[in-house]
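Next comes protein26.txt, with compact mmCIF, C-alpha atoms.
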# COMPACT_ATOMS: atom_id res chain seq x y z
CA MET M 1 111.11 81.48 7.72
CA PRO M 2 107.95 80.79 9.80
CA ALA M 3 108.49 78.61 12.87
CA ARG M 4 106.38 75.76 11.52
CA THR M 5 108.33 75.71 8.25
CA LEU M 6 111.61 75.74 10.16
CA THR M 7 110.68 72.76 12.32
CA GLU M 8 109.51 70.84 9.27
CA HIS M 9 112.84 71.48 7.55
CA LEU M 10 114.71 70.47 10.70
CA GLU M 11 112.73 67.24 10.97
CA ALA M 12 113.57 66.45 7.35
CA ARG M 13 117.30 67.22 7.54
CA VAL M 14 118.52 66.60 11.10
CA ASP M 15 119.37 63.01 12.09
CA GLY M 16 118.00 63.29 15.60
CA LEU M 17 115.14 64.78 17.58
CA VAL M 18 113.40 68.09 16.95
CA LEU M 19 111.49 69.36 19.97
CA ARG M 20 108.88 72.08 19.51
CA PRO M 21 107.39 73.90 22.52
CA SER M 22 104.35 71.67 22.12
CA THR M 23 106.44 68.47 22.23
CA SER M 24 106.15 66.52 25.50
CA GLU M 25 109.94 66.27 25.90
CA TYR M 26 110.52 70.00 25.34
CA ASP M 27 110.27 71.18 28.97
CA ASP M 28 112.57 68.47 30.26
CA ALA M 29 115.13 69.19 27.51
CA ARG M 30 115.22 72.92 28.29
CA ARG M 31 115.60 72.41 32.05
CA MET M 32 118.73 74.10 33.32
CA PHE M 33 121.24 73.32 36.07
CA ASN M 34 120.57 76.75 37.58
CA ALA M 35 116.94 77.22 38.64
CA LEU M 36 117.38 81.00 38.39
CA VAL M 37 117.33 80.48 34.61
CA ASP M 38 114.15 79.60 32.69
CA HIS M 39 114.57 80.04 28.93
CA ARG M 40 112.20 78.96 26.15
CA PRO M 41 113.97 78.36 22.81
CA ALA M 42 111.97 78.54 19.61
CA VAL M 43 112.99 74.94 18.96
CA ILE M 44 115.44 72.43 20.46
CA VAL M 45 117.38 70.12 18.16
CA GLN M 46 119.17 66.99 19.41
CA PRO M 47 121.39 65.82 16.52
CA ARG M 48 123.17 62.48 16.41
CA SER M 49 126.09 63.59 14.21
CA ALA M 50 128.14 66.53 13.04
CA ALA M 51 126.16 66.45 9.78
CA GLY M 52 122.97 66.92 11.80
CA VAL M 53 124.54 69.86 13.64
CA SER M 54 125.60 71.37 10.32
CA ALA M 55 122.08 71.10 8.92
CA ALA M 56 120.62 72.75 12.02
CA VAL M 57 123.11 75.62 11.90
CA GLN M 58 122.41 76.24 8.20
CA LEU M 59 118.67 76.32 8.80
CA ALA M 60 119.08 78.68 11.76
CA ALA M 61 121.04 81.03 9.49
CA ASP M 62 118.30 80.83 6.84
CA ALA M 63 115.72 81.69 9.52
CA ASP M 64 117.96 84.41 11.00
CA LEU M 65 117.81 82.76 14.43
CA PRO M 66 120.57 82.99 17.04
CA ILE M 67 121.95 79.68 18.29
CA ALA M 68 122.44 78.37 21.82
CA VAL M 69 124.47 75.22 22.46
CA ARG M 70 123.96 72.68 25.22
CA GLY M 71 126.73 70.26 26.15
CA GLY M 72 126.29 69.05 29.73
CA GLY M 73 123.91 71.87 30.62
CA HIS M 74 125.80 72.96 33.75
CA SER M 75 126.30 76.60 32.79
CA VAL M 76 125.60 78.73 35.88
CA ALA M 77 124.84 81.61 33.52
CA GLY M 78 122.28 79.52 31.64
CA HIS M 79 124.01 79.80 28.28
CA ALA M 80 122.81 76.38 27.11
CA MET M 81 119.30 77.63 26.34
CA ALA M 82 118.00 81.02 25.19
CA ASP M 83 114.62 82.60 24.59
CA GLY M 84 113.57 82.50 20.95
CA ALA M 85 116.76 80.80 19.78
CA LEU M 86 117.47 77.54 18.04
CA ALA M 87 119.05 75.42 20.77
CA ILE M 88 121.42 72.68 19.64
CA ASP M 89 121.45 70.04 22.37
CA LEU M 90 124.39 67.65 21.99
CA ARG M 91 123.32 65.10 24.62
CA LEU M 92 122.99 62.34 21.99
CA MET M 93 126.65 62.82 20.97
CA ARG M 94 128.70 61.39 23.85
CA ALA M 95 131.06 58.89 22.19
CA VAL M 96 134.70 58.69 23.33
CA SER M 97 137.51 56.84 21.55
CA VAL M 98 141.03 56.40 22.91
CA ASP M 99 144.35 55.95 21.12
CA PRO M 100 146.60 54.78 24.00
CA GLN M 101 149.73 54.60 21.83
CA ARG M 102 149.47 58.26 20.78
CA ARG M 103 147.89 59.25 24.12
CA ARG M 104 144.97 60.93 22.42
CA ALA M 105 141.23 60.87 23.07
CA ARG M 106 138.51 61.93 20.65
CA VAL M 107 135.46 63.15 22.57
CA GLU M 108 132.11 64.11 21.08
CA GLY M 109 130.71 67.50 22.02
CA GLY M 110 127.91 66.26 24.28
CA ALA M 111 130.08 64.00 26.45
CA LEU M 112 130.34 64.35 30.20
CA TRP M 113 133.61 63.94 32.07
CA LEU M 114 132.49 60.59 33.43
CA ASP M 115 132.28 59.37 29.81
CA VAL M 116 135.84 60.53 29.16
CA ASP M 117 137.37 59.33 32.42
CA GLU M 118 135.87 55.85 32.23
CA ALA M 119 137.22 55.41 28.70
CA THR M 120 140.72 56.76 29.31
CA VAL M 121 141.44 55.41 32.81
CA ALA M 122 140.96 51.91 31.39
CA TYR M 123 144.38 52.54 29.79
CA GLY M 124 145.86 54.28 32.84
CA LEU M 125 145.45 57.66 31.14
CA ALA M 126 143.44 60.87 31.63
CA THR M 127 143.15 64.43 30.43
CA PRO M 128 142.52 67.17 33.01
CA GLY M 129 138.78 67.49 33.56
CA GLY M 130 136.68 69.34 36.07
CA THR M 131 136.10 68.44 39.69
CA PHE M 132 132.64 66.93 39.14
CA ALA M 133 132.34 63.85 36.96
CA ASP M 134 128.99 64.80 35.43
CA THR M 135 130.12 68.22 34.17
CA GLY M 136 129.93 68.64 30.40
CA VAL M 137 133.21 68.47 28.52
CA GLY M 138 132.45 71.24 26.02
CA GLY M 139 131.70 74.16 28.30
CA LEU M 140 134.55 73.37 30.67
CA ALA M 141 137.14 72.90 27.93
CA LEU M 142 136.18 76.03 26.00
CA GLY M 143 136.24 78.23 29.11
CA GLY M 144 139.46 76.99 30.75
CA GLY M 145 139.10 73.91 32.93
CA ILE M 146 140.54 73.81 36.47
CA GLY M 147 140.81 70.27 37.80
CA HIS M 148 142.67 67.84 40.00
CA LEU M 149 145.60 67.50 37.56
CA VAL M 150 146.11 71.23 37.07
CA GLY M 151 149.66 71.28 38.47
CA THR M 152 151.32 68.71 36.22
CA CYS M 153 148.94 68.63 33.23
CA GLY M 154 147.58 72.17 33.05
CA LEU M 155 144.06 73.30 32.28
CA THR M 156 141.62 71.36 30.14
CA CYS M 157 141.96 73.92 27.35
CA ASP M 158 145.75 73.52 27.41
CA ASN M 159 145.29 69.88 26.42
CA LEU M 160 143.02 70.59 23.46
CA LEU M 161 144.98 69.44 20.41
CA ALA M 162 142.29 69.62 17.76
CA ALA M 163 138.57 70.21 17.30
CA GLU M 164 135.86 69.46 14.78
CA LEU M 165 133.85 72.64 14.47
CA VAL M 166 130.63 73.56 12.71
CA THR M 167 131.04 77.23 11.88
CA PRO M 168 128.17 79.76 11.83
CA ASP M 169 127.64 79.22 8.10
CA GLY M 170 127.24 75.46 8.64
CA ARG M 171 130.63 74.33 7.35
CA MET M 172 132.39 71.46 9.10
CA GLN M 173 136.01 72.39 9.86
CA HIS M 174 138.93 70.46 11.31
CA ILE M 175 140.95 72.77 13.56
CA ASP M 176 144.47 72.07 14.83
CA ARG M 177 147.88 73.77 14.94
CA THR M 178 148.26 73.27 11.18
CA HIS M 179 144.70 74.04 10.07
CA GLU M 180 143.45 77.40 11.38
CA PRO M 181 145.86 77.63 14.33
CA ASP M 182 144.46 81.04 15.33
CA LEU M 183 141.05 79.48 15.80
CA LEU M 184 142.54 76.69 17.92
CA TRP M 185 144.06 79.43 20.07
CA GLY M 186 140.60 80.99 20.42
CA LEU M 187 138.91 77.71 21.31
CA ARG M 188 141.41 77.25 24.16
CA GLY M 189 139.55 79.44 26.63
CA GLY M 190 137.58 81.74 24.31
CA GLY M 191 134.24 80.07 24.98
CA GLY M 192 131.62 79.02 22.45
CA ASN M 193 131.96 82.12 20.29
CA PHE M 194 132.96 80.52 17.00
CA GLY M 195 130.51 77.70 16.34
CA VAL M 196 129.56 74.25 17.63
CA VAL M 197 132.41 71.94 18.61
CA THR M 198 131.13 68.50 17.65
CA ALA M 199 134.32 66.70 18.75
CA PHE M 200 137.45 67.47 20.77
CA GLU M 201 140.85 65.77 20.62
CA PHE M 202 142.72 65.86 23.93
CA GLN M 203 146.23 65.03 25.09
CA LEU M 204 146.27 62.19 27.65
CA HIS M 205 148.60 61.72 30.64
CA ASP M 206 149.66 58.79 32.80
CA VAL M 207 147.48 58.52 35.93
CA ARG M 208 148.31 54.98 37.01
CA THR M 209 149.70 56.19 40.35
CA ILE M 210 147.32 58.48 42.24
CA PHE M 211 146.78 59.29 45.91
CA GLY M 212 143.70 61.23 46.88
CA GLY M 213 140.36 61.68 48.58
CA HIS M 214 139.24 64.31 51.04
CA LEU M 215 139.70 65.57 54.58
CA VAL M 216 136.68 67.00 56.40
CA TYR M 217 136.95 69.24 59.47
CA ARG M 218 134.49 70.79 61.89
CA PRO M 219 134.06 74.59 61.44
CA GLU M 220 135.94 75.40 64.65
CA ALA M 221 139.11 73.86 63.17
CA THR M 222 138.92 76.04 60.06
CA ASP M 223 141.32 78.81 61.10
CA GLU M 224 144.26 76.55 61.87
CA VAL M 225 143.62 73.92 59.21
CA LEU M 226 142.92 76.28 56.30
CA ARG M 227 146.03 78.34 57.05
CA ARG M 228 148.11 75.17 57.24
CA ALA M 229 146.60 73.99 53.94
CA LEU M 230 147.42 77.28 52.22
CA ASP M 231 151.01 77.05 53.49
CA VAL M 232 151.26 73.49 52.13
CA MET M 233 149.88 74.66 48.79
CA ALA M 234 152.40 77.51 48.61
CA SER M 235 155.40 75.21 48.89
CA ALA M 236 154.06 71.98 47.38
CA PRO M 237 155.34 70.50 44.12
CA PRO M 238 152.89 70.64 41.19
CA GLU M 239 151.99 66.96 41.70
CA LEU M 240 149.99 67.92 44.81
CA VAL M 241 146.68 69.73 44.30
CA LEU M 242 144.58 70.77 47.30
CA MET M 243 141.17 72.38 46.88
CA PRO M 244 139.71 73.75 50.13
CA LEU M 245 135.97 74.32 50.26
CA LEU M 246 134.37 76.14 53.18
CA SER M 247 131.06 74.40 52.69
CA ARG M 248 127.91 76.00 53.99
CA MET M 249 125.78 73.03 52.90
CA GLN M 250 127.94 70.58 54.86
CA ALA M 251 128.81 73.03 57.67
CA ALA M 252 132.42 71.88 57.33
CA LEU M 253 135.81 72.60 55.83
CA VAL M 254 136.40 70.05 53.06
CA ILE M 255 139.85 69.71 51.49
CA THR M 256 139.98 67.63 48.32
CA VAL M 257 143.41 66.11 47.73
CA CYS M 258 144.96 64.72 44.56
CA TYR M 259 148.61 63.71 44.34
CA ARG M 260 149.94 62.38 41.04
CA GLY M 261 152.49 60.05 42.55
CA ARG M 262 153.09 57.59 45.37
CA ALA M 263 151.23 57.57 48.68
CA ALA M 264 154.37 57.87 50.82
CA GLU M 265 155.45 61.02 48.99
CA ALA M 266 152.01 62.56 49.43
CA GLU M 267 151.88 61.76 53.13
CA ASP M 268 155.22 63.47 53.67
CA LEU M 269 153.93 66.62 51.98
CA LEU M 270 150.69 66.51 53.97
CA GLN M 271 152.40 66.08 57.32
CA PRO M 272 151.71 69.70 58.39
CA LEU M 273 148.00 68.95 58.07
CA ARG M 274 148.40 65.71 60.01
CA ASN M 275 150.03 67.68 62.85
CA GLY M 276 146.99 69.90 63.27
CA PRO M 277 143.40 69.23 64.36
CA ALA M 278 142.14 65.78 63.46
CA PRO M 279 139.63 65.54 60.63
CA ILE M 280 136.18 64.08 61.27
CA GLU M 281 136.47 62.25 57.95
CA ASP M 282 139.59 61.10 56.13
CA THR M 283 139.32 59.17 52.84
CA LEU M 284 142.91 59.67 51.65
CA ARG M 285 144.42 56.58 50.08
CA ALA M 286 146.19 55.22 47.03
CA CYS M 287 143.36 55.12 44.53
CA SER M 288 142.39 55.51 40.88
CA TYR M 289 141.82 58.80 39.12
CA LEU M 290 138.15 57.77 38.86
CA ASP M 291 137.99 57.70 42.66
CA VAL M 292 139.33 61.24 42.89
CA GLN M 293 136.88 62.44 40.26
CA ALA M 294 134.03 60.90 42.26
CA THR M 295 135.06 62.61 45.53
CA ASN M 296 132.70 65.57 45.13
CA GLY M 297 129.71 63.53 44.00
CA LEU M 298 127.38 64.78 41.26
CA LEU M 299 125.98 68.22 40.43
CA ALA M 300 122.24 68.30 41.08
CA PHE M 301 120.01 70.16 38.64
CA GLY M 302 117.28 72.43 39.95
CA LEU M 303 118.97 74.43 42.74
CA ARG M 304 119.45 78.18 42.56
CA HIS M 305 123.02 79.34 41.87
CA TYR M 306 124.90 82.61 41.89
CA TRP M 307 128.71 82.37 41.73
CA LYS M 308 131.24 85.18 41.68
CA GLY M 309 134.96 85.47 42.37
CA HIS M 310 138.41 86.44 41.17
CA PHE M 311 141.73 84.98 40.17
CA VAL M 312 144.06 86.47 42.77
CA ARG M 313 147.81 86.78 43.19
CA GLU M 314 147.33 86.11 46.89
CA ILE M 315 144.40 85.98 49.28
CA PRO M 316 144.41 89.16 51.40
CA ASP M 317 144.67 88.30 55.07
CA SER M 318 141.74 90.55 55.91
CA VAL M 319 139.55 88.61 53.45
CA LEU M 320 140.85 85.28 54.70
CA ALA M 321 140.15 86.21 58.32
CA ALA M 322 136.62 87.37 57.50
CA THR M 323 136.01 84.22 55.45
CA ILE M 324 137.05 82.00 58.34
CA ARG M 325 135.06 84.00 60.89
CA ASP M 326 131.84 83.89 58.88
CA HIS M 327 132.24 80.18 58.20
CA VAL M 328 132.87 79.35 61.86
CA THR M 329 129.96 81.44 63.09
CA GLY M 330 127.56 80.25 60.39
CA ARG M 331 127.00 83.77 59.04
CA SER M 332 128.15 82.95 55.53
CA LEU M 333 125.30 82.67 53.00
CA GLY M 334 127.27 80.38 50.70
CA SER M 335 130.43 78.35 50.25
CA ILE M 336 133.94 79.53 49.41
CA LEU M 337 136.02 77.48 46.98
CA ILE M 338 139.78 77.97 46.68
CA GLU M 339 141.35 76.42 43.58
CA PRO M 340 145.11 76.57 42.97
CA MET M 341 146.85 77.77 39.85
CA LEU M 342 150.27 76.16 39.91
CA GLY M 343 152.88 74.38 37.87
CA VAL M 344 151.98 73.76 34.24
CA ALA M 345 148.75 75.77 34.50
CA ARG M 346 150.73 78.98 34.92
CA HIS M 347 152.31 78.60 31.47
CA GLU M 348 150.66 78.67 28.07
CA PRO M 349 150.67 75.48 26.00
CA PRO M 350 152.46 75.27 22.64
CA GLY M 351 150.50 77.50 20.30
CA GLY M 352 149.15 79.56 23.19
CA SER M 353 145.61 79.98 24.46
CA ALA M 354 142.95 82.64 24.93
CA PHE M 355 142.75 81.86 28.65
CA GLY M 356 144.21 84.89 30.41
CA GLN M 357 144.69 84.31 34.13
CA ARG M 358 148.08 82.60 34.28
CA ALA M 359 149.59 84.98 36.82
CA ALA M 360 147.18 83.97 39.59
CA SER M 361 148.02 81.80 42.56
CA HIS M 362 144.39 80.86 43.24
CA ASN M 363 140.89 81.15 41.85
CA VAL M 364 138.68 82.13 44.80
CA SER M 365 134.92 81.89 44.30
CA ALA M 366 131.84 82.62 46.38
CA LEU M 367 129.27 79.93 45.57
CA ALA M 368 125.76 80.83 46.67
CA ILE M 369 123.55 77.73 46.28
CA TRP M 370 120.03 77.62 47.69
CA GLU M 371 116.41 76.52 47.09
CA ASP M 372 114.01 79.19 48.35
CA PRO M 373 113.27 81.99 45.81
CA HIS M 374 112.60 84.35 48.72
CA GLU M 375 116.33 84.20 49.53
CA ASP M 376 117.45 85.34 46.07
CA ALA M 377 118.33 88.93 46.94
CA ASP M 378 120.31 88.09 50.09
CA ARG M 379 122.25 85.23 48.53
CA ILE M 380 123.16 87.19 45.42
CA ALA M 381 124.20 90.22 47.46
CA TRP M 382 126.43 88.03 49.65
CA ALA M 383 128.31 86.61 46.64
CA ARG M 384 128.71 90.03 45.07
CA ASN M 385 130.02 91.53 48.30
CA TYR M 386 132.52 88.70 48.73
CA ALA M 387 133.83 89.17 45.19
CA SER M 388 134.10 92.92 45.76
CA ALA M 389 136.29 92.31 48.81
CA LEU M 390 138.62 90.21 46.63
CA GLU M 391 138.81 92.70 43.80
CA PRO M 392 141.90 94.63 45.04
CA ALA M 393 143.88 91.37 44.84
CA SER M 394 142.48 90.36 41.45
CA VAL M 395 144.92 89.61 38.64
CA SER M 396 142.74 91.26 36.00
CA GLY M 397 139.48 92.43 37.56
CA GLY M 398 137.68 89.50 35.95
CA GLY M 399 136.90 86.07 37.34
CA TYR M 400 136.67 82.53 35.98
CA LEU M 401 134.47 82.52 32.89
CA ASN M 402 133.15 79.03 33.63
CA TYR M 403 131.71 80.28 36.93
CA TYR M 404 130.14 83.48 35.62
CA SER M 405 126.52 84.04 36.59
CA THR M 406 123.52 85.43 34.75
CA ASP M 407 124.37 89.13 35.09
CA GLU M 408 128.06 89.33 34.23
CA THR M 409 128.99 92.46 32.32
CA ASN M 410 130.89 92.78 29.07
CA GLN M 411 133.52 94.67 31.04
CA ARG M 412 134.19 91.67 33.29
CA VAL M 413 134.36 89.33 30.31
CA ARG M 414 136.87 91.66 28.70
CA ALA M 415 138.86 91.91 31.93
CA ALA M 416 139.03 88.12 32.24
CA PHE M 417 140.94 87.94 28.96
CA GLY M 418 142.95 91.14 29.18
CA GLU M 419 143.14 93.74 26.42
CA GLU M 420 145.58 91.95 24.10
CA ARG M 421 143.74 88.63 24.12
CA PHE M 422 140.34 90.28 23.92
CA SER M 423 141.40 92.29 20.85
CA ARG M 424 142.64 89.11 19.17
CA LEU M 425 139.37 87.36 20.00
CA VAL M 426 137.38 90.24 18.50
CA ASP M 427 139.32 89.82 15.26
CA LEU M 428 138.54 86.09 15.27
CA LYS M 429 134.88 86.78 15.95
CA ALA M 430 134.73 89.22 13.05
CA MET M 431 136.21 86.58 10.77
CA TRP M 432 134.16 83.57 11.86
CA ASP M 433 130.90 84.92 13.32
CA PRO M 434 130.43 88.53 12.17
CA ASP M 435 126.66 88.36 12.79
CA ASN M 436 127.20 87.13 16.37
CA ARG M 437 124.86 84.20 15.80
CA PHE M 438 126.67 82.43 18.67
CA ARG M 439 126.05 85.06 21.33
CA PHE M 440 124.82 82.99 24.29
CA ASN M 441 128.23 82.52 25.87
CA HIS M 442 130.97 84.66 27.37
CA ASN M 443 130.34 86.80 24.38
CA ILE M 444 133.01 88.42 22.26
CA PRO M 445 130.97 90.90 20.22
CA PRO M 446 132.25 91.50 16.69
CA PRO M 447 133.18 95.08 15.82
CA PRO M 448 130.33 97.17 14.44
CA PRO M 449 130.03 97.14 10.63
Written as structure tokens, how would this file's structure read?
Amino acid sequence: MPARTLTEHLEARVDGLVLRPSTSEYDDARRMFNALVDHRPAVIVQPRSAAGVSAAVQLAADADLPIAVRGGGHSVAGHAMADGALAIDLRLMRAVSVDPQRRRARVEGGALWLDVDEATVAYGLATPGGTFADTGVGGLALGGGIGHLVGTCGLTCDNLLAAELVTPDGRMQHIDRTHEPDLLWGLRGGGGNFGVVTAFEFQLHDVRTIFGGHLVYRPEATDEVLRRALDVMASAPPELVLMPLLSRMQAALVITVCYRGRAAEAEDLLQPLRNGPAPIEDTLRACSYLDVQATNGLLAFGLRHYWKGHFVREIPDSVLAATIRDHVTGRSLGSILIEPMLGVARHEPPGGSAFGQRAASHNVSALAIWEDPHEDADRIAWARNYASALEPASVSGGGYLNYYSTDETNQRVRAAFGEERFSRLVDLKAMWDPDNRFRFNHNIPPPPP
């Protein structure tokens, strides 16, 4: 189907916007979070409903075009847009509805976590989201989802109860543990390999009593404070989640704290940190879950990003010592984020999930973030070298799919799942997307015909 004919059909059948390369809004719509990525889709469609998504998918199949899907657009790997593809941009589908009695939330595929949190916290409830409020729900949920409630509520994907999915042939399917339970398993961590999720249904949890904020320390305090924080994390109950960030941009050690419980209990657990060097900033207090979600601010579009890391059983002391030294001396070319895997997150939910890193104690990631294109080679090399140093301690040899960068290999994707899960995902891919029309993701290639 010629491009002009395709866009005319899309304009006639899709209840939203159709943006051609010549359309004034096209360049803004295709703009990515990661400035290393600059893709030009054949056409961008912004539907207003699942029916509009279905029509776009059917027309893409008729035109033999691959499909990229944009939720919040924060993919470091740039999966939301692709050269020559039909890009389905869900930003006009952000509605959230809450059933407080059943503790369920229905979330449209283009919603951001701030949309979800504002709707659910009004009832004293939340589902585990990411650590930045403006992250898209879809990408995070389909790839795992490590957040401030990970210890007592698990990963985002663990709380996915049902989904409304437009499959590669354009059909609209309801997926839950009764209807296509294998596909629900695949959506829980298997990425966007099986179609367009137009709505998610999540389990909600009580978050009426929260203590949190952050502690910020000068670099010279990093050795003592980070080691104390890791000791606290090793013995803490699952209600307490600490996320240390050795931030190059802030030239500081920042520890984000979330405790799902009372302030006095949290302060007792944090006493070892209180006995060490004093922070230069301390925002810890009894607060709302919205306050904790706002701690890290917003994710700016337009910077250059290259992230790489591993889920590890433990952080090797040699790596930890080098990390601290480079942070203190200012030699690090990026930030190091340490996210805990504890409590509920280390166990699969009822029905299981494709996510395959449950044996880890932490997800450790090198985050290179910069502006100057002349620094590309050095920044990327730094992140790769850091990840290589972690590899002997890696649970699987693969990192966190949601943090994968533009050049991740099929081998690392496979390693992130493990052989058994990857084989099961290949079978699902063969059943639901044998032509690999949805390939701009942490791709699970179908077996050759």
Next item on the list: Go through M:Ala321, M:Leu125, M:Leu140, M:Ala234 and flag the residue nearest M:Arg260, using only C-alpha atoms for the distances.
Entry: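 Among M:Ala321, M:Leu125, M:Leu140, M:Ala234, it is M:Leu125 that comes nearest to M:Arg260.
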Check: Looking at M:Ala163, M:Arg437, M:Leu253, M:Thr152, which one is nearest to M:Val57, with distances taken over only C-alpha atoms?
Finding: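 Ranking M:Ala163, M:Arg437, M:Leu253, M:Thr152 by distance to M:Val57, first place goes to M:Arg437.
The gap separating atom CA of M:Val137 from atom CA of M:Ala199 is 10.0 Å, in Å to one decimal.
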Check: Of the candidates M:Asp27, M:Asp206, M:Asp38, M:Glu419, which one gets nearest to M:Val121 if we count all atoms listed in the file?
Finding: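 For M:Val121, the nearest of the candidates is M:Asp206.
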Contacts of stretch 401-405 of chain M at 6 Å or less, counting all atoms listed in the file, minus same-chain residues fewer than 5 places along, as a PDB file with C-alpha atoms, in the coordinates of the input?
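around-v8.pdb written:
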ATOM      1  CA  VAL M  76     125.600  78.730  35.880  1.00  0.00           C
ATOM      2  CA  ALA M  77     124.840  81.610  33.520  1.00  0.00           C
ATOM      3  CA  GLY M 143     136.240  78.230  29.110  1.00  0.00           C
ATOM      4  CA  TYR M 306     124.900  82.610  41.890  1.00  0.00           C
ATOM      5  CA  TRP M 307     128.710  82.370  41.730  1.00  0.00           C
TER       6      TRP M 307
END
Note to self: Can you tell me which residues surround M:Ile380 at a distance of at most 10 Å, considering all atoms listed in the file, apart from same-chain residues fewer than 3 positions away, and format the answer as JSON, numbers by chain?
What the structure shows: {"M": [305, 306, 307, 308, 333, 334, 366, 367, 368, 369, 375, 376, 377, 383, 384, 385, 405]}
Next item on the list: Pick out the closest residue to M:Arg325 from this set: M:Val197, M:Leu226, M:Leu204, M:Leu161. Count only C-alpha atoms.
Entry: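 Under the stated criterion, the closest residue is M:Leu226.
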Checklist line | Which of M:Ala430, M:Val319, M:Ala42, M:Ile444 sits closest to M:Pro392 [using all atoms listed in the file] | finding: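 Nearest candidate to M:Pro392 out of M:Ala430, M:Val319, M:Ala42, M:Ile444: M:Val319.
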Where does stretch 132-169 of chain M meet stretch 80-87 of chain M within 12 Å, residue by residue, with the nearest atom pair and distance in Å to one decimal for each, counting all atoms listed in the file, listed by chain and rising number, as a tab-separated table?
residue	atom	partner	partner_atom	distance
M:Gly136	CA	M:Ala80	CA	11.0
M:Gly138	CA	M:Ala80	CA	11.0
M:Gly139	CA	M:Ala80	CA	9.2
Next item on the list: Give me, please, the distance in Å between atom CA of M:Phe311 and atom CA of M:Asn363, quoted to one decimal.
Entry: 4.3 Å
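The two atoms in question, atom CA of M:Gln173 and atom CA of M:Ala95, are spaced 18.9 Å apart.
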Check: Which is closer to M:Gly356 than all the others in M:Leu270, M:Val254, M:Leu290, M:Val413, using all atoms listed in the file?
Finding: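 Closest to M:Gly356 of all the choices is M:Val413.
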